[in-house]
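The structure appears below as structure tokens.
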Amino acid sequence: MKIIFSRKGFDSGAGGVPSPIIAGRPISLPIPTKHRSETTYADLGLSDIVEAATNGRITGGNLCHPDPMFQVGRCAFGQTGTAQAHLANNAVGAGDVFLFFGLFSQQGSRDRHHRLFGYLRVDEVVVLGANPTAANQPPGFARQHPHTIGDWKPNNTLYLGTGQVTDTASEALRLTWPGCAVSRWRVPEWLREVGLTYHGRTERWDGNDTLNVAARGQEFIADIGERTDARQWCDGILSTLGRSSGEG
């Protein structure tokens with residue numbers, strides 16, 4: 001089994017600001033785009049939020065890239081190019097788990113940090129290729145997935161399975177150590193032993209519980225095999241991601 005820490009949503013490069021945490025709920029803003037999309041922020045009910053977050057620089061009428069896409073306990077996530085080659089080279093497939101993280105900040109706070117906001121447990125991998133059509137739309141999703149629109153790299157791929165986006169800003173989902181730089185992560189001790197792609201250099205690790213995460217890269221993969229401690233940690237994270245903020 002592999003766990004993939006997958007960077008998504010607004011950041012200093014895409015969108016220019018963190019995604020907001022509003023009334024205790026993290027809201028991952030999909031990155032803006034000018035092509036290969038039929039979805040605006042208004043379509044997703046995010047007009048007021050994205051306009052407030054960007055001081056009107058991005059409006060509800062702007063197109064966005066809604067990926068990963070969640071609906072009724074299912075998730076569809078597309079990847080292509082170098083990032084997809086990395087997933088393929090590491091044999092990511094059915095049974096593996098994507099943990100989606102992004103840059104967030106509480107409304108009115110200067111505390112920018114990385115946190116987990118959703119997951120996908122892969123059931124199926126579909127290679128769409130360079131010229132997908134509307135017929136490639138995954139069943140059960142109301143909006144056209146952007147990786148089924150327009151021209152892509154030949155390895156354009158969809159990962160499908162069970163998944164959910166959280167509505168709670170639980171401390172257990174926070175990756176960045178409080179009071180530290182965004183890239184300084186609090187991690188489980190087993191991760192250093194297992195290893196994480198793009199993080200092989202010794203200087204990236206501080207003891208067994210701190211990782212200085214790479215500034216670039218979308219998909220960081222930990223091959224946990226049958227490790228009980230890693231699987232238990234993953235199960236706990238998935239439980240927290242699926243827990244409603246109303247459950248305390």
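We label chains A, B, ... in the order they appear in the structure tokens, count residues from 1 in each chain, and number ligands from 1 in the order shown.
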Neighbour list for range 5-18 of chain A as a count of residues only, cut-off 10 Å, only C-alpha atoms, skip fewer than 4 positions in-chain: 44
Excluding range 89-92 of chain A and any residue of its chain fewer than 6 positions from it, enumerate the residues within 12 Å of it, using only C-alpha atoms, and give them as a VMD selection string. chain A and resid 1 to 4 79 82 to 83 98 121 to 125 155 157 to 159 196 to 197 219 to 223
Write down as an MDAnalysis selection string the residues belonging to range 31-143 of chain A that are assigned alpha helix (DSSP H) by DSSP computed on the backbone. chainID A and resid 47:53 81:89
Same residues, all heavy atoms, saved as a compact mmCIF listing (two decimals), in the first residue's frame:
# COMPACT_ATOMS: atom_id res chain seq x y z
N SER A 47 -18.19 32.14 -5.31
CA SER A 47 -17.96 33.51 -5.78
C SER A 47 -17.51 34.44 -4.66
O SER A 47 -16.44 35.08 -4.75
CB SER A 47 -19.23 34.08 -6.42
OG SER A 47 -19.54 33.41 -7.61
N ASP A 48 -18.31 34.55 -3.61
CA ASP A 48 -17.99 35.48 -2.54
C ASP A 48 -16.68 35.12 -1.86
O ASP A 48 -15.90 36.01 -1.50
CB ASP A 48 -19.12 35.50 -1.50
CG ASP A 48 -20.41 36.13 -2.04
OD1 ASP A 48 -20.34 36.80 -3.09
OD2 ASP A 48 -21.46 35.94 -1.40
N ILE A 49 -16.43 33.83 -1.71
CA ILE A 49 -15.24 33.39 -0.99
C ILE A 49 -13.98 33.69 -1.78
O ILE A 49 -13.00 34.22 -1.25
CB ILE A 49 -15.35 31.89 -0.67
CG1 ILE A 49 -16.50 31.65 0.32
CG2 ILE A 49 -14.03 31.35 -0.12
CD1 ILE A 49 -16.82 30.20 0.57
N VAL A 50 -13.97 33.37 -3.09
CA VAL A 50 -12.76 33.60 -3.87
C VAL A 50 -12.53 35.09 -4.09
O VAL A 50 -11.37 35.56 -4.10
CB VAL A 50 -12.82 32.84 -5.22
CG1 VAL A 50 -13.77 33.51 -6.21
CG2 VAL A 50 -11.43 32.70 -5.83
N GLU A 51 -13.59 35.87 -4.22
CA GLU A 51 -13.43 37.31 -4.39
C GLU A 51 -12.88 37.95 -3.12
O GLU A 51 -12.02 38.83 -3.18
CB GLU A 51 -14.75 37.93 -4.81
CG GLU A 51 -15.15 37.56 -6.24
CD GLU A 51 -16.55 38.01 -6.62
OE1 GLU A 51 -17.12 38.86 -5.91
OE2 GLU A 51 -17.07 37.52 -7.64
N ALA A 52 -13.35 37.49 -1.96
CA ALA A 52 -12.85 38.02 -0.69
C ALA A 52 -11.40 37.61 -0.47
O ALA A 52 -10.57 38.41 -0.03
CB ALA A 52 -13.71 37.53 0.46
N ALA A 53 -11.07 36.36 -0.81
CA ALA A 53 -9.71 35.86 -0.58
C ALA A 53 -8.68 36.58 -1.45
O ALA A 53 -7.54 36.79 -1.03
CB ALA A 53 -9.66 34.36 -0.84
N GLY A 81 1.49 14.52 -17.32
CA GLY A 81 2.86 15.02 -17.41
C GLY A 81 3.82 14.37 -16.44
O GLY A 81 3.72 13.18 -16.11
N THR A 82 4.77 15.17 -15.94
CA THR A 82 5.82 14.67 -15.06
C THR A 82 5.25 14.09 -13.76
O THR A 82 5.72 13.06 -13.28
CB THR A 82 6.82 15.79 -14.73
OG1 THR A 82 7.39 16.28 -15.95
CG2 THR A 82 7.93 15.28 -13.84
N ALA A 83 4.24 14.76 -13.21
CA ALA A 83 3.64 14.28 -11.96
C ALA A 83 2.99 12.92 -12.14
O ALA A 83 3.11 12.03 -11.29
CB ALA A 83 2.63 15.29 -11.43
N GLN A 84 2.30 12.72 -13.27
CA GLN A 84 1.71 11.41 -13.55
C GLN A 84 2.78 10.36 -13.81
O GLN A 84 2.63 9.20 -13.38
CB GLN A 84 0.75 11.50 -14.73
CG GLN A 84 0.24 10.15 -15.24
CD GLN A 84 -0.37 9.28 -14.15
OE1 GLN A 84 -0.88 9.78 -13.15
NE2 GLN A 84 -0.30 7.98 -14.34
N ALA A 85 3.84 10.73 -14.48
CA ALA A 85 4.94 9.78 -14.69
C ALA A 85 5.51 9.31 -13.36
O ALA A 85 5.85 8.13 -13.19
CB ALA A 85 6.03 10.43 -15.54
N HIS A 86 5.60 10.21 -12.39
CA HIS A 86 6.09 9.85 -11.06
C HIS A 86 5.15 8.85 -10.40
O HIS A 86 5.60 7.86 -9.80
CB HIS A 86 6.24 11.11 -10.21
CG HIS A 86 6.83 10.87 -8.86
ND1 HIS A 86 8.07 10.33 -8.68
CD2 HIS A 86 6.32 11.09 -7.62
CE1 HIS A 86 8.33 10.24 -7.39
NE2 HIS A 86 7.28 10.67 -6.72
N LEU A 87 3.84 9.09 -10.51
CA LEU A 87 2.87 8.14 -9.94
C LEU A 87 2.97 6.77 -10.63
O LEU A 87 2.98 5.73 -9.97
CB LEU A 87 1.45 8.70 -10.09
CG LEU A 87 1.13 9.97 -9.31
CD1 LEU A 87 -0.27 10.47 -9.66
CD2 LEU A 87 1.24 9.75 -7.81
N ALA A 88 3.06 6.79 -11.96
CA ALA A 88 3.15 5.53 -12.71
C ALA A 88 4.44 4.79 -12.40
O ALA A 88 4.43 3.56 -12.23
CB ALA A 88 3.03 5.81 -14.20
N ASN A 89 5.54 5.51 -12.31
CA ASN A 89 6.83 4.87 -12.04
C ASN A 89 6.86 4.22 -10.66
O ASN A 89 7.65 3.28 -10.41
CB ASN A 89 7.97 5.88 -12.15
CG ASN A 89 8.22 6.31 -13.57
OD1 ASN A 89 7.84 5.63 -14.52
ND2 ASN A 89 8.86 7.45 -13.74
Minimum-distance residue to Leu120 in chain A, chosen among A:Gly161, A:Trp152, A:Pro139, A:Ala94 (using only C-alpha atoms):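 Ranking A:Gly161, A:Trp152, A:Pro139, A:Ala94 by distance to Leu120 in chain A, first place goes to A:Gly161.
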Which distance in Å separates CA of Cys64 in chain A and CA of Ser109 in chain A, to one decimal?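 CA of Ser109 in chain A lies 25.4 Å from CA of Cys64 in chain A.
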I'd like the contact shell of Glu189 in chain A - 12 Å cut-off, only C-alpha atoms, skipping same-chain residues fewer than 4 positions apart - returned as a count of residues only. 14
Set the distance at 10 Å and use only C-alpha atoms: which residues neighbour Gly108 in chain A once local chain neighbours fewer than 6 positions away are removed? I'd like the list as a PyMOL selection string. chain A and resi 20-22
Could you please take those selected residues and save all heavy atoms as an mmCIF file, in the first residue's frame?
data_model
loop_
_atom_site.group_PDB
_atom_site.id
_atom_site.type_symbol
_atom_site.label_atom_id
_atom_site.label_comp_id
_atom_site.auth_asym_id
_atom_site.auth_seq_id
_atom_site.Cartn_x
_atom_site.Cartn_y
_atom_site.Cartn_z
ATOM 1 N N PRO A 20 -9.111 29.658 2.413
ATOM 2 C CA PRO A 20 -9.549 30.113 3.731
ATOM 3 C C PRO A 20 -10.132 29.001 4.605
ATOM 4 O O PRO A 20 -10.628 27.983 4.107
ATOM 5 C CB PRO A 20 -10.636 31.130 3.376
ATOM 6 C CG PRO A 20 -11.245 30.583 2.119
ATOM 7 C CD PRO A 20 -10.109 29.946 1.357
ATOM 8 N N ILE A 21 -10.058 29.227 5.904
ATOM 9 C CA ILE A 21 -10.812 28.436 6.875
ATOM 10 C C ILE A 21 -11.896 29.358 7.409
ATOM 11 O O ILE A 21 -11.596 30.388 8.012
ATOM 12 C CB ILE A 21 -9.917 27.931 8.017
ATOM 13 C CG1 ILE A 21 -8.806 27.048 7.458
ATOM 14 C CG2 ILE A 21 -10.741 27.162 9.049
ATOM 15 C CD1 ILE A 21 -7.767 26.640 8.504
ATOM 16 N N ILE A 22 -13.147 29.015 7.150
ATOM 17 C CA ILE A 22 -14.274 29.874 7.487
ATOM 18 C C ILE A 22 -15.194 29.145 8.454
ATOM 19 O O ILE A 22 -15.678 28.050 8.154
ATOM 20 C CB ILE A 22 -15.054 30.288 6.224
ATOM 21 C CG1 ILE A 22 -14.126 31.049 5.255
ATOM 22 C CG2 ILE A 22 -16.266 31.139 6.585
ATOM 23 C CD1 ILE A 22 -14.772 31.401 3.934
#
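With CA of Thr80 in chain A on one side and CA of Arg143 in chain A on the other, the separation reads 19.8 Å.
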List every residue of range 1-186 of chain A that DSSP, applied to the backbone of this structure, places in strand (DSSP E or B), and write the result as a ChimeraX atom specification. /A:2-7,11,15,19-22,25-26,32,40,63-64,69-71,74-79,97-106,112-127,157-165,174,176,184-186
One number please: CA of Ser239 in chain A to CA of Ala23 in chain A, in Å, one decimal.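 Separation between CA of Ser239 in chain A and CA of Ala23 in chain A: 20.9 Å.
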